[in-house]
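Notes follow once the structure below has been shown.
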Amino acid sequence: MSLKRRLTVVMAAALLALGGAACGGDDDNDDSANNNGGATTESSGQGGSNDGPVTIVASVPPTDHGWLGAISKNAQEAADQYDDVEFRLLEAADSDSQAQQIEQVISEKPDALVVLPQDGEALTPVAQKAEAAGIPVINVDRTFSSPDAATATILGDNYQIGVSAADYIADELKCEGNVVEIQGLAGISVTEERSEGFADQLKKACPDGGVEVVAKQPGDFNPDTGLKVMENILQAQDQIDAVYTHDDDMAQGVVQAIRNSGRDDDMFLTGVGGSQDAMAQIEEGGLYRATFLYNPSMAASAVNMARLIALGEGFEELVPPEVPRQVVVPAATVTKENVADYEEYAFN
Amino acid sequence: MTTESPPEGGAAVVDEPLTERRLGAFRIQEYALLIAVILLFVIGAVLRPDSFPTVDNIRNMLTQASVVGVIAVGMTFVIATAGIDLSVGSMLAAAGMFGGILVDPEGSTLVFILGAVFFATALGSINAIAIAYGRVVPFIATLAMFSIARGIALLLNDKLPVGLLDLNGGSFGDPAAFSLLWFGTGRILGIPISVYVFLGITIAGWLVLNRTRYGRYVVAVGGNREAARIAGVPVRRTIMSVYVLSGFLVGIAAVLLCARLGSASPVSGNLYELDAIGAVVIGGTSLAGGKARIGGTFLGVLTFALIFSLMTQLDLSTEVQQVVKGAIVLGAVLLQRPEARL
């Protein structure tokens, strides 16, 4: 029995090794060097700066989604700009391992910690611990549940995204038409806020009604779920004038469902995020009419803020120069008219 | 040991009695599920008379069912040997991504298809070797592959999807024959290509399981491995073959999905294993092995497609959908239960 079990373990390990080797072999892209996934350590230039290097550690959820991938890329690039920053990016599979990871990091005493928590609530205690140990925490996107868990917070405005989308769609439809909402993952605050903002603002923008949300279904931020859900909604609804999707990645599946049905001239669609694909399609014109920025460049801002805090400096525009407690990134509306201004911030 | 006892109480002997037993229970159970499918359709027709019982929607449901349907045929073979394949959803994503990078930026539909099918088959073969020769429990071996294949899917193009619209060679409404999109949305005589593929594979699967010696081997291995070995069944090779087959069919499913999606996405196929296993089990194939019902699997896949279509059309909220879906699955299984006990 025990021999059999041991054999099982050995085989599993061998299998994993095999898989690893296989994917190494299959990866014929040369750029694998700068993207190893997992934890990457990169110290940028030991150049002599005024105060000696500051160490910044960032902890993020697994970057298996376009937006989260862009978060880690942005953070890394921001850190690479500075000679006086030693930066390390850690990915964690879930809340528990992220908490453990941060515990570990606290013992290393970095000068600042940037955290995009998997779940803000669950990681609040460990962030408080870091703060108590004298390590300033910069909280990104998903907020901690207690104000003493972070020195500074930078986040997008999910409710405002819903508001911007409602304004845009109400305006384009002149308060008359049927709207479909393809939501993100059900049961998380991001989805609920994007949906609430949309519903609330739609009532304000069209006080006499006229715009009806005829279907509201989750697409799980996943293109193939978005495709299937939209296929069914297209069956159910004869008249659709606009589609509000909660995410640019997922929207690609929704776009394909509409194109496959041949109804792409009857309606338009909006996304959220600001991906390159979305911006390219907005520029082209047609089905994809707008996206609302939820820009992963906030991770770059977070690293910049972490550096300033670690160096004891602040935003020069503020009097006295300091780093604000909370920064809310505006949810800009990107359309064909202004897409050129935003393309440099697009993520892929 | 705890498998359903044969109706006549015969001992687990391999050849003829087993076949008889299988065919005997076959009809009653499938009628139960057939009733569920018809009932769901009637409910849909009553609640949404204008949009549910239409030719267009039937076509839509069958197209959506085709991806999991093809996977579920392979899963039926696997489960018949008392195995399980948890890696199908991840392998689907990896296969699509592998085909995708082969044709990015340039390539042909054929290269994409061969690449995807080859890669999925290769991954399935790793499962097969680990299980048949390494004697790893199927649950663990395919759980490892579940993780490996998803990782590979993400690694292949730096976590990004690969656009495949260049392979379409035609407009969206009317894709050119044998272009990639054609496999997803093209039609012959009003029936989508993906539905022909789904039905063809289902029929072929039924024939192989019920009309060939290999099919009897598969069921025999799942029923009683020792008895099968003594009776001269090549047990190891049979077990190996079902995981390779599962991988191969996942490759075909990947082509059908990517064709409809116009891209290969590293996050696609999430939780497809549960839909495939669910369809197989509500179709009457026993998780304990030794019993395989492709016809039941087919109806199980249709059940899921009907539920999904109906609930989206009714615009039910997610939480209600989850409760209703679970209740229908439980009901469908309970409906078969008394007959299975007789």
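Residue numbering restarts at 1 in every chain; chains get A, B, ... in the order shown in the structure tokens, and ligands count up from 1 in that same order.
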As a PyMOL selection string, list the residues of region 159-326 of chain B assigned to strand (DSSP E) by DSSP on the backbone atoms of this structure.
chain B and resi 162-163+187-188+191-192+263-264
If the cut-off is 6 Å, can you tell me the residues of chain B near chain A, counting only C-alpha atoms? I'd like them as number ranges by chain.
B: 51, 136, 152, 156, 172-173, 261, 268, 309, 313, 315
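Note that the spacing between CA of Val179 (chain A) and CA of Gln239 (chain A) amounts to 9.0 Å.
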If you run DSSP on this backbone, which residues of region 76-189 of chain A come out as alpha helix (DSSP H), and could you give them as a VMD selection string?
chain A and resid 76 to 80 95 to 108 120 to 132 158 to 173 189
Could the residues in this selection be saved with C-alpha atoms as a JSON list (two decimals), in the first residue's frame?
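So the final result, stored in selection-v6.json, reads:
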[["chain", "number", "residue", "atom", "x", "y", "z"],
["A", 76, "GLN", "CA", 7.69, 45.89, -13.31],
["A", 77, "GLU", "CA", 8.19, 48.55, -15.97],
["A", 78, "ALA", "CA", 7.66, 51.38, -13.50],
["A", 79, "ALA", "CA", 10.27, 49.90, -11.19],
["A", 80, "ASP", "CA", 12.73, 49.38, -14.04],
["A", 95, "SER", "CA", -5.69, 34.45, -0.61],
["A", 96, "ASP", "CA", -4.06, 32.04, 1.79],
["A", 97, "SER", "CA", -0.80, 31.76, -0.07],
["A", 98, "GLN", "CA", -0.77, 35.49, -0.68],
["A", 99, "ALA", "CA", -1.06, 36.06, 3.07],
["A", 100, "GLN", "CA", 1.77, 33.61, 3.74],
["A", 101, "GLN", "CA", 3.88, 35.25, 1.08],
["A", 102, "ILE", "CA", 3.39, 38.66, 2.64],
["A", 103, "GLU", "CA", 4.21, 37.26, 6.11],
["A", 104, "GLN", "CA", 7.46, 36.06, 4.63],
["A", 105, "VAL", "CA", 8.13, 39.43, 3.02],
["A", 106, "ILE", "CA", 7.51, 41.29, 6.30],
["A", 107, "SER", "CA", 10.43, 39.43, 7.85],
["A", 108, "GLU", "CA", 12.64, 40.71, 5.02],
["A", 120, "GLY", "CA", -9.26, 42.68, 0.30],
["A", 121, "GLU", "CA", -11.05, 41.47, 3.39],
["A", 122, "ALA", "CA", -9.00, 38.31, 3.79],
["A", 123, "LEU", "CA", -5.67, 40.10, 3.47],
["A", 124, "THR", "CA", -6.43, 42.99, 5.78],
["A", 125, "PRO", "CA", -4.86, 41.39, 8.90],
["A", 126, "VAL", "CA", -1.55, 40.64, 7.22],
["A", 127, "ALA", "CA", -1.42, 44.14, 5.72],
["A", 128, "GLN", "CA", -2.05, 45.59, 9.18],
["A", 129, "LYS", "CA", 0.81, 43.47, 10.42],
["A", 130, "ALA", "CA", 3.11, 44.92, 7.76],
["A", 131, "GLU", "CA", 2.05, 48.46, 8.67],
["A", 132, "ALA", "CA", 2.63, 47.70, 12.35],
["A", 158, "ASN", "CA", -16.05, 50.58, -10.74],
["A", 159, "TYR", "CA", -19.26, 52.40, -9.90],
["A", 160, "GLN", "CA", -18.14, 55.32, -12.09],
["A", 161, "ILE", "CA", -17.49, 52.90, -14.95],
["A", 162, "GLY", "CA", -21.15, 51.88, -14.81],
["A", 163, "VAL", "CA", -22.12, 55.55, -14.69],
["A", 164, "SER", "CA", -19.95, 56.46, -17.70],
["A", 165, "ALA", "CA", -21.29, 53.49, -19.65],
["A", 166, "ALA", "CA", -24.90, 54.45, -18.88],
["A", 167, "ASP", "CA", -24.28, 58.03, -19.94],
["A", 168, "TYR", "CA", -22.64, 56.92, -23.17],
["A", 169, "ILE", "CA", -25.28, 54.36, -24.09],
["A", 170, "ALA", "CA", -28.21, 56.61, -23.12],
["A", 171, "ASP", "CA", -26.73, 59.35, -25.25],
["A", 172, "GLU", "CA", -26.03, 57.15, -28.27],
["A", 173, "LEU", "CA", -29.51, 55.61, -28.14],
["A", 189, "SER", "CA", -17.77, 43.69, -5.78]]
What's the 12 Å shell around Asn270 (chain B), counting only C-alpha atoms, without same-chain residues fewer than 4 positions away, as a ChimeraX atom specification?
/A:220-225 /B:68,86-94,146-147,149-150,153,265-266,274-276
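Between CA of Leu39 (chain B) and CA of Val280 (chain B) the separation is 19.5 Å.
CA of Phe304 (chain B) lies 25.5 Å from CA of Val244 (chain B).
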